[in-house]
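Undergrad: I have a structure here, written as structure tokens, and I will follow up with some questions on it.
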Amino acid sequence: MDFTLKIWRQDGPQDEGRMETYPISDITGDMSFLEMMDVLNDKIIRDGQDPVAFDHDCREGICGMCSMFINGEAHGPNRKTTTCQLHMRSFKDGDTIYIEPWRAAAFPVVKDLAVDRSAFDRIIQSGGYVSVNSSGNPLDANAIPVPKDDADEAFNAATCIGCGACVATCKNASAMLFVSAKVSQLALLPQGQPERMNRVQRMVDQMDKEGFGNCTNTGACEVECPKGISLDNIARMNRDYLKSQVTGE
Amino acid sequence: MTDMPKHSVSLDAKTPEGPLADKWKNHKNSIRLVNPANKRLIDVIVVGTGLAGSSAAASLAEMGYNVKAFCFQDSPRRAHSIAAQGGINAAKNYQNDGDSVHRLFYDTIKGGDYRSRESNVYRLAEVSANIIDQCVSQGVPFARDYGGLLDNRSFGGVQVSRTFYAKGQTGQQLLLGAYSALSRQVSKGKVTMYSRHEMMDVVVVDGKARGIIARNLVTGEIERHGAHAVVLCSGGYGNVFFLSTNAMGSNVSAAWKAHRRGAYMANPCYTQIHPTCIPVSGHYQSKLTLMSESLRNDGRIWVPKEKSDVEALRNGSIRPTDIPEERRDYYLERRYPAFGNLVPRDVASRAAKERCDAGFGVNEAGEAVFLDYASAIERYGKTEANVKGIENPSAEKIRELGEEVVKAKYGNLFQMYEQITADNPYKTPMRIYPAVHYTMGGLWVDYNLQTTVPGLYACGEANFSDHGANRLGASALMQGLADGYFVLPYTVGDYLADDIRTGAISTDSPEFEAAEKGVTDRIQHLLGNNGKTPVDDFHRRLGRIMWNECGMSRNEKGLTQAIADIQALRAEFERDVRVPGRADQFNPELDKAGRVADLIDLGELMCKDALERKESCGGHFREEYQTPEGEALRDDEGHTHVSAWAFTGVPSEAVHHKEELNFENVELKTRSYK
Amino acid sequence: MAQTGILKSSLAKKYAMAATGLFLCLFLVGHLAGNLQLFTAGADGGRQFNEYAKFMTTFPAVKILSYLTYFAVLFHLADGIVLSIQNRKARPVRYAMERPSTNAGWSSRNMMVLGTIVLVFLVTHMQNFWWQMHFGEIPMQKLDDGTMVKDLYSVVIAFFNPELNSFALLALGLYLLGQFALGFHLWHGFSSGFQSVGVRHPRYSAIIGLAGKAFSVVVPLLFSAIVVFMYFTQA
């Protein structure tokens, strides 16, 4: 298959950046999108040019490192799929494919398609944990039974890979889905209760400080999330934050 | 480089005295401690933020040390531990099926083909239960049953259910737990996190590891970081094979730099080839994807009995489901009736290779076998129908119910399979083939996890310690967290107790100066040589040599040739590699070039180690040493030792040191899963 | 406690948006109930309607409610503007290629535009009736008990009567456009308000969703039906 690629090139955070066009040929449907990018870079390097920088690591859809906005959608056209799991058979021969970095004030471009998502780390640092030391002497793991439904729901929230597709796709560049997934996971488990109110306040404060936009409930994040994180989590966070403000805990 | 003996010496693992079950307890009680006020004066560097690194950094910081943590990814949460699927072992005996610390210890020793250190493995089994407690208290959402208690599944090579899991994403959940503990310490200022930083060298001052040289991968800046101890948790080196289940960035560089500075590399040839991966599909394939071992709980592995069926499958004239039961060869069940599809990984992988080499591979390349869920779907469907009180359910209804159960258990794996292959695994058997997955070898460490360089420690997959010649499923997560949460934080104190008056480590010493200059010179060389060939090209060729000659089976001739080939490849790399871009910018090609250069060196040492080990054990199968039935033939007389290699300049001329393995609690037997 | 506090945090702004929006939904119900009288008001020459109008403009409790409503409108507006500005700032560089329709509904993505249309409608609407009622020179009507009230009914009738008002068709058109925008605004806004304050549960969120859709169709449709009825029955 042959494609025309329109790729965002930007030397560094200070550079203005621009779209550039690259033709590419002899791509097979079995190739993943990133393998297609490998082929492109191989060619660019052999031509003595600067290859396209992009983030990627596990290439099996779990590390959350890959981050391309493909043809107007985060991680491309397929649902519940990261860019690395997107295969070229999802495109038609001759297609023009737009490839852009995540765009958000809170995710400055590092180079080309790679962005800085350390804002997410800082949000987790602000409260996305249970304060327990590794003493080796906590309660036995089965001391507190957790209803299966709660455990499953907590797990579903915890499957967030922190890729930032929610921010990238939200028209407001809001990070609510990401933040609420962690808030929810810990709010659903007994271990998360002691710090529950405090946690939601601190994490929302940090989220606001990072310059993400506000949630207007369009639901785009849920649709584009490669792990299918639900809007239920955002509602739960809204509820908890409201409660924390009302009770002043 | 420190002075090293040029002749072979016997290594002392510093295993504590006393009965096996008391060693760790006694050691903890007698080990030296650093008091809380003094811990504040001590800096520790942790390289890597996977399960071992994150948990070690968090635990050390909780204890009061000042920690600097480094990872090359954009966030510590992305370390490759995240991709572990199936589960984590722990001797909790929640299932009341006779599990115990001793049984986990025994299974691990046996699974490792009697090539691991008894005392370490026992300690691992001992602290395994604490790991589950710790993770649950952190909010790790393990799978639970309807009573709200933790659920277990079984893994290969054992006869109990001791594997805790979170669907097919156990590694992710455990890592996020460790990452949250790490994040908490970052927020307290006890850990300084350096993401997108790569360790370029270890700095040894007066014979002790006193810091590292790191490169900021965004700005290209070379940084000096001093510390009283350096802990490497930088993972394994499966990427030496180019195609593996490792992440693209996984590399050996940190460990290799340590090796060059005097840390011995132990058993590098022990490579785990995982039996259930998605087969290779094309030349540009960049990595292989694992299908969790947990799938072997319920899936049955087979190839056709008749060559004619194989032909028909390959040319597409029949579908796998068209082949009737009596013409299928469930070869694992046939060869190993006691363990069946749940034999250890090395055994399952070799059996698959044996069938494919005999011409029964079921894809075009002849390198795939079937993993079939049809009978599991039917079995679960019938049970569900009974539970739901459906009388005389139709075959379709049973199928539908069974698929629901399988989906709940393995849904994400099945989805992943379909995304990659465009085949629906609920309807047609999956095609799988072995692929490189884990490396049991690594930096040699003593009982305290200290390498041969004082002050330099290695944890997790980066060390060689606990899995012998073959790792059991769901034990890597266990080892990473055991090292990081419960072992290293204690043992490092014994060393640091001498450092309470040392004061901050200056980075202005000539040693730091020299190390930094070495790093910048190397970068300038890579960028400046006017080569033509991209880095990946060399990496791919290295992978081919390693897979063919140092992969699932090895022999003297191939290994000797491989060493020559790798040396030629290195010469070509140095002459002809093209690294575009600049040193002072985000430059992934430059990062990759440095890593591939180290992998080339390591590959040579692996072949050397494989050549030296004149026996077959676990993940190391020498064709010259096998039983008439084709099973691995160990040489306990001559090879019950750890091979630890000291760097001399040329990897294949490394000096061979031995640590004799003494089995006082387990009788060495031929491993049988029949 | 939170460092930024309830009035500054992004979630607090959402609560304010939701609370004022949902309050205004209640207002719509009340307003609609009043307007529905216009279907039958012709029978008594609008006496009951005018009496109602007087009650609504003078009764103290209703006065408080009306001030609350003004406040809600202004707050909803100001908050909406602040949120929109922040949201724009959160993405300084736009995408070259966007396909928003693949993952979000049209109305949810255009709340600011829809809200602006509703605002323009509201301003003209208040100028036409509210201003007249409060400050305008309008005819008086004598009720059965002899008290005099402002004859708002005749003002309304005249406004939508093509024979009495040469711009009646335009008025009708603008009114319908306003209701159309309101409908789409509510299509997203109603259930979004509940989501913002965290009222969501597998068991009843589907009901809220349906109620929101029904509300956003029925309310503007009834408002529109009244003016269409007046336009055509008078003509």
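Chain lettering (A, B, ...) mirrors the order of the structure tokens, residue numbering begins at 1 for each chain separately, and ligand numbering begins at 1 in order of display.
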With a cut-off of 6 Å and counting only C-alpha atoms, select all residues of chain B in contact with chain A and give the selection as a list in words.

TA: Arg78, Asn130, Asp133, Val136, Ser137, Gln138, Gly139, Pro141, Arg144, Tyr146, Gly148, Leu149, Ser180, Ser183, Arg184, Ser187, Ala247, Met248 and Gly249 of chain B

Undergrad: Could you write out that same residue set with N, CA and C atoms as a PDB file, in the first residue's frame?

TA:
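Output contents, as saved in part35.pdb:
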ATOM      1  N   ARG B  78       6.000   3.928  33.024  1.00  0.00           N
ATOM      2  CA  ARG B  78       6.017   3.216  31.748  1.00  0.00           C
ATOM      3  C   ARG B  78       7.054   2.099  31.676  1.00  0.00           C
ATOM      4  N   ASN B 130       4.325 -11.319  51.920  1.00  0.00           N
ATOM      5  CA  ASN B 130       4.306  -9.894  52.286  1.00  0.00           C
ATOM      6  C   ASN B 130       3.984  -9.006  51.100  1.00  0.00           C
ATOM      7  N   ASP B 133       0.281  -8.683  50.634  1.00  0.00           N
ATOM      8  CA  ASP B 133      -0.260  -7.800  51.674  1.00  0.00           C
ATOM      9  C   ASP B 133       0.044  -6.342  51.350  1.00  0.00           C
ATOM     10  N   VAL B 136      -1.970  -5.051  48.283  1.00  0.00           N
ATOM     11  CA  VAL B 136      -3.384  -4.837  48.584  1.00  0.00           C
ATOM     12  C   VAL B 136      -3.542  -3.561  49.422  1.00  0.00           C
ATOM     13  N   SER B 137      -2.634  -3.348  50.356  1.00  0.00           N
ATOM     14  CA  SER B 137      -2.756  -2.153  51.190  1.00  0.00           C
ATOM     15  C   SER B 137      -2.513  -0.877  50.390  1.00  0.00           C
ATOM     16  N   GLN B 138      -1.822  -1.011  49.262  1.00  0.00           N
ATOM     17  CA  GLN B 138      -1.608   0.157  48.384  1.00  0.00           C
ATOM     18  C   GLN B 138      -2.791   0.422  47.476  1.00  0.00           C
ATOM     19  N   GLY B 139      -3.744  -0.500  47.452  1.00  0.00           N
ATOM     20  CA  GLY B 139      -4.893  -0.318  46.573  1.00  0.00           C
ATOM     21  C   GLY B 139      -4.745  -0.990  45.217  1.00  0.00           C
ATOM     22  N   PRO B 141      -5.801  -3.462  42.674  1.00  0.00           N
ATOM     23  CA  PRO B 141      -7.073  -4.183  42.545  1.00  0.00           C
ATOM     24  C   PRO B 141      -6.909  -5.585  41.966  1.00  0.00           C
ATOM     25  N   ARG B 144     -10.871 -10.766  42.563  1.00  0.00           N
ATOM     26  CA  ARG B 144     -11.467 -11.344  43.768  1.00  0.00           C
ATOM     27  C   ARG B 144     -12.613 -12.270  43.389  1.00  0.00           C
ATOM     28  N   TYR B 146     -16.448 -14.095  44.575  1.00  0.00           N
ATOM     29  CA  TYR B 146     -17.713 -13.491  44.982  1.00  0.00           C
ATOM     30  C   TYR B 146     -17.771 -13.207  46.476  1.00  0.00           C
ATOM     31  N   GLY B 148     -15.468 -11.796  48.004  1.00  0.00           N
ATOM     32  CA  GLY B 148     -14.663 -10.612  48.258  1.00  0.00           C
ATOM     33  C   GLY B 148     -13.215 -10.922  48.603  1.00  0.00           C
ATOM     34  N   LEU B 149     -12.851 -12.205  48.558  1.00  0.00           N
ATOM     35  CA  LEU B 149     -11.463 -12.576  48.861  1.00  0.00           C
ATOM     36  C   LEU B 149     -10.669 -12.747  47.570  1.00  0.00           C
ATOM     37  N   SER B 180       2.873   4.524  42.579  1.00  0.00           N
ATOM     38  CA  SER B 180       2.170   5.425  43.487  1.00  0.00           C
ATOM     39  C   SER B 180       2.985   5.615  44.770  1.00  0.00           C
ATOM     40  N   SER B 183       5.650   7.950  43.811  1.00  0.00           N
ATOM     41  CA  SER B 183       5.120   9.306  43.643  1.00  0.00           C
ATOM     42  C   SER B 183       4.920   9.981  44.997  1.00  0.00           C
ATOM     43  N   ARG B 184       4.491   9.175  45.956  1.00  0.00           N
ATOM     44  CA  ARG B 184       4.283   9.733  47.298  1.00  0.00           C
ATOM     45  C   ARG B 184       5.597  10.267  47.857  1.00  0.00           C
ATOM     46  N   SER B 187       6.561  13.474  46.177  1.00  0.00           N
ATOM     47  CA  SER B 187       5.833  14.637  46.701  1.00  0.00           C
ATOM     48  C   SER B 187       6.398  15.084  48.043  1.00  0.00           C
ATOM     49  N   ALA B 247      10.045  -4.284  25.635  1.00  0.00           N
ATOM     50  CA  ALA B 247       9.719  -2.988  25.052  1.00  0.00           C
ATOM     51  C   ALA B 247      10.871  -2.539  24.162  1.00  0.00           C
ATOM     52  N   MET B 248      10.562  -1.608  23.237  1.00  0.00           N
ATOM     53  CA  MET B 248      11.590  -1.159  22.308  1.00  0.00           C
ATOM     54  C   MET B 248      12.786  -0.550  23.031  1.00  0.00           C
ATOM     55  N   GLY B 249      12.520   0.101  24.136  1.00  0.00           N
ATOM     56  CA  GLY B 249      13.603   0.797  24.836  1.00  0.00           C
ATOM     57  C   GLY B 249      14.367  -0.063  25.814  1.00  0.00           C
TER      58      GLY B 249
END

Undergrad: Skip Asp498 in chain B itself and residues of its chain fewer than 5 positions away, then list as JSON, numbers by chain all residues within 10 Å of it, counting only C-alpha atoms.

TA: {"B": [32, 33, 34, 228, 493]}

Undergrad: So that I can see what lies close to Phe194 in chain C, please list as a count of residues only the residues with an atom at most 10 Å from it, counting only C-alpha atoms and leaving out residues fewer than 4 positions away in the same chain.

TA: 14

Undergrad: Compute the chain A side of the contact with chain C at 6 Å, counting only C-alpha atoms, and hand it back as a list of chain:residue names.

TA: A:Gly72, A:Ala104, A:Ala105, A:Asn172, A:Ala173, A:Gln201, A:Phe212, A:Gly213, A:Asn214, A:Asn217, A:Thr218, A:Ala220, A:Val223, A:Ala235, A:Arg236, A:Asn238, A:Arg239

Undergrad: Would you mind exporting the chosen residues as a compact mmCIF listing (two decimals), in the first residue's frame, restricted to N, CA and C atoms?

TA:
# COMPACT_ATOMS: atom_id res chain seq x y z
N GLY A 72 -7.13 13.18 12.80
CA GLY A 72 -8.14 13.86 13.60
C GLY A 72 -8.63 13.09 14.80
N ALA A 104 -1.93 20.28 23.75
CA ALA A 104 -2.49 20.86 24.96
C ALA A 104 -1.43 21.75 25.58
N ALA A 105 -1.86 22.83 26.20
CA ALA A 105 -0.89 23.72 26.85
C ALA A 105 -0.12 22.95 27.92
N ASN A 172 -11.52 20.71 25.08
CA ASN A 172 -11.03 21.65 26.08
C ASN A 172 -9.68 21.24 26.65
N ALA A 173 -9.10 20.17 26.12
CA ALA A 173 -7.86 19.62 26.68
C ALA A 173 -7.98 19.42 28.18
N GLN A 201 -9.29 16.50 46.58
CA GLN A 201 -9.01 17.94 46.56
C GLN A 201 -7.63 18.23 46.00
N PHE A 212 -4.77 22.38 32.45
CA PHE A 212 -5.71 21.63 31.63
C PHE A 212 -7.02 22.41 31.56
N GLY A 213 -7.82 22.12 30.54
CA GLY A 213 -9.10 22.80 30.41
C GLY A 213 -10.14 22.20 31.33
N ASN A 214 -11.36 22.72 31.22
CA ASN A 214 -12.44 22.24 32.08
C ASN A 214 -13.28 21.20 31.34
N ASN A 217 -18.27 17.71 29.65
CA ASN A 217 -19.08 16.50 29.51
C ASN A 217 -19.43 16.14 28.06
N THR A 218 -18.51 16.40 27.14
CA THR A 218 -18.83 16.00 25.76
C THR A 218 -18.72 14.48 25.61
N ALA A 220 -16.11 12.80 24.71
CA ALA A 220 -15.16 12.36 23.68
C ALA A 220 -14.05 11.51 24.28
N VAL A 223 -14.90 7.87 24.55
CA VAL A 223 -14.93 7.21 23.25
C VAL A 223 -13.52 6.91 22.76
N ALA A 235 -17.99 11.33 37.09
CA ALA A 235 -19.13 11.65 37.96
C ALA A 235 -18.76 11.37 39.42
N ARG A 236 -18.07 10.24 39.62
CA ARG A 236 -17.69 9.89 40.99
C ARG A 236 -16.76 10.94 41.57
N ASN A 238 -16.58 14.11 40.62
CA ASN A 238 -17.38 15.31 40.85
C ASN A 238 -18.10 15.23 42.20
N ARG A 239 -18.65 14.05 42.45
CA ARG A 239 -19.40 13.81 43.68
C ARG A 239 -18.48 13.94 44.90

Undergrad: Give me the residues within 10 Å of Ala53 in chain C as a PyMOL selection string, counting only C-alpha atoms and dropping any in the same chain fewer than 6 places off.

TA: chain C and resi 34+47+133+149-153

Undergrad: Among range 55-223 of chain C, which ones does DSSP assign to alpha helix (DSSP H) (computed from the backbone)? Answer as a ChimeraX atom specification.

TA: /C:55-58,60-89,106-109,111-125,131-135,152-159,168-196,205-223

Undergrad: Could the residues in this selection be written to a file with C-alpha atoms, as a CSV table (one decimal), in the first residue's frame?

TA:
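The resulting file, selection.csv, is shown below:
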chain,number,residue,atom,x,y,z
C,55,PHE,CA,-48.9,38.3,40.4
C,56,MET,CA,-45.6,37.3,38.9
C,57,THR,CA,-44.3,40.9,39.0
C,58,THR,CA,-45.5,41.9,42.4
C,60,PRO,CA,-42.7,39.2,47.1
C,61,ALA,CA,-41.8,35.4,47.0
C,62,VAL,CA,-42.0,35.4,43.2
C,63,LYS,CA,-39.8,38.6,43.2
C,64,ILE,CA,-37.1,36.8,45.1
C,65,LEU,CA,-37.3,33.9,42.7
C,66,SER,CA,-37.1,36.3,39.8
C,67,TYR,CA,-34.0,37.9,41.2
C,68,LEU,CA,-32.5,34.5,41.6
C,69,THR,CA,-33.3,33.8,38.0
C,70,TYR,CA,-31.6,37.0,36.9
C,71,PHE,CA,-28.6,36.1,39.0
C,72,ALA,CA,-28.6,32.6,37.6
C,73,VAL,CA,-28.7,33.9,34.0
C,74,LEU,CA,-25.9,36.3,34.6
C,75,PHE,CA,-23.8,33.8,36.5
C,76,HIS,CA,-24.4,31.1,33.9
C,77,LEU,CA,-23.3,33.5,31.3
C,78,ALA,CA,-20.2,34.8,33.1
C,79,ASP,CA,-19.1,31.4,34.2
C,80,GLY,CA,-19.6,30.1,30.6
C,81,ILE,CA,-17.4,32.9,29.3
C,82,VAL,CA,-14.7,32.2,31.9
C,83,LEU,CA,-14.8,28.5,31.1
C,84,SER,CA,-14.6,29.1,27.4
C,85,ILE,CA,-11.6,31.4,27.7
C,86,GLN,CA,-9.8,28.9,29.9
C,87,ASN,CA,-10.6,26.0,27.6
C,88,ARG,CA,-9.3,28.0,24.6
C,89,LYS,CA,-6.1,28.7,26.5
C,106,TRP,CA,-22.8,18.3,18.0
C,107,SER,CA,-24.6,20.1,20.7
C,108,SER,CA,-22.1,19.2,23.4
C,109,ARG,CA,-19.4,20.7,21.3
C,111,MET,CA,-22.7,25.0,23.9
C,112,MET,CA,-21.1,28.4,23.7
C,113,VAL,CA,-22.6,29.1,20.3
C,114,LEU,CA,-26.0,27.8,21.3
C,115,GLY,CA,-25.8,29.7,24.5
C,116,THR,CA,-25.0,32.9,22.7
C,117,ILE,CA,-28.0,32.5,20.4
C,118,VAL,CA,-30.2,31.9,23.5
C,119,LEU,CA,-28.7,35.0,25.1
C,120,VAL,CA,-29.5,37.1,22.0
C,121,PHE,CA,-33.0,35.7,22.0
C,122,LEU,CA,-33.3,36.4,25.7
C,123,VAL,CA,-32.2,40.1,25.4
C,124,THR,CA,-34.8,40.8,22.6
C,125,HIS,CA,-37.4,38.7,24.4
C,131,TRP,CA,-39.3,45.8,29.7
C,132,GLN,CA,-42.8,46.7,28.5
C,133,MET,CA,-44.4,45.1,31.5
C,134,HIS,CA,-42.1,46.8,34.0
C,135,PHE,CA,-41.3,50.2,32.4
C,152,LEU,CA,-49.8,42.3,28.9
C,153,TYR,CA,-52.0,39.9,27.0
C,154,SER,CA,-52.8,42.5,24.4
C,155,VAL,CA,-49.2,43.4,24.0
C,156,VAL,CA,-48.3,39.8,23.4
C,157,ILE,CA,-51.2,39.3,21.0
C,158,ALA,CA,-50.2,42.4,19.1
C,159,PHE,CA,-46.6,41.4,18.9
C,168,ALA,CA,-44.5,39.7,13.3
C,169,LEU,CA,-43.1,37.1,10.9
C,170,LEU,CA,-39.6,38.1,11.8
C,171,ALA,CA,-40.5,38.0,15.5
C,172,LEU,CA,-41.9,34.5,15.0
C,173,GLY,CA,-38.8,33.4,13.1
C,174,LEU,CA,-36.4,34.8,15.8
C,175,TYR,CA,-38.5,33.2,18.5
C,176,LEU,CA,-38.4,29.8,16.8
C,177,LEU,CA,-34.7,30.2,16.2
C,178,GLY,CA,-34.2,31.0,19.9
C,179,GLN,CA,-36.2,27.9,20.9
C,180,PHE,CA,-34.3,25.8,18.5
C,181,ALA,CA,-31.0,26.9,20.0
C,182,LEU,CA,-32.5,26.4,23.5
C,183,GLY,CA,-33.5,22.9,22.6
C,184,PHE,CA,-30.0,21.9,21.5
C,185,HIS,CA,-28.5,23.7,24.5
C,186,LEU,CA,-30.7,21.6,26.7
C,187,TRP,CA,-30.1,18.4,24.7
C,188,HIS,CA,-26.6,18.4,26.2
C,189,GLY,CA,-27.0,20.7,29.1
C,190,PHE,CA,-29.7,18.9,31.1
C,191,SER,CA,-28.0,15.6,31.6
C,192,SER,CA,-24.6,17.3,31.6
C,193,GLY,CA,-25.7,19.3,34.7
C,194,PHE,CA,-26.4,16.1,36.5
C,195,GLN,CA,-23.1,14.6,35.5
C,196,SER,CA,-21.3,17.7,36.7
C,205,SER,CA,-28.4,7.6,34.6
C,206,ALA,CA,-30.3,6.3,31.6
C,207,ILE,CA,-33.5,7.8,33.0
C,208,ILE,CA,-31.8,11.2,33.5
C,209,GLY,CA,-30.5,10.9,29.9
C,210,LEU,CA,-34.0,10.2,28.6
C,211,ALA,CA,-35.6,12.9,30.8
C,212,GLY,CA,-33.0,15.4,29.4
C,213,LYS,CA,-33.8,14.5,25.8
C,214,ALA,CA,-37.5,14.7,26.5
C,215,PHE,CA,-37.2,18.0,28.3
C,216,SER,CA,-35.0,19.5,25.6
C,217,VAL,CA,-37.6,18.5,22.9
C,218,VAL,CA,-40.9,19.1,24.7
C,219,VAL,CA,-40.2,22.4,26.4
C,220,PRO,CA,-39.0,24.4,23.4
C,221,LEU,CA,-41.7,22.7,21.2
C,222,LEU,CA,-44.4,23.9,23.5
C,223,PHE,CA,-43.1,27.4,23.7

Undergrad: One decimal, in Å: what's the spacing between CA of Leu611 in chain B and CA of Tyr264 in chain B?

TA: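 Those two atoms sit 17.6 Å apart.
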
Undergrad: Name the residues in contact with range 95-97 of chain A at a cut-off of 6 Å, using only C-alpha atoms, excluding same-chain residues fewer than 2 positions from it; report them as an MDAnalysis selection string.

TA: chainID A and resid 3:5 71 92:93

Undergrad: Would you please give, as a VMD selection string, all residues of range 459-568 of chain B that DSSP assigns to strand (DSSP E or B) based on the backbone?

TA: chain B and resid 463 533 to 534 554
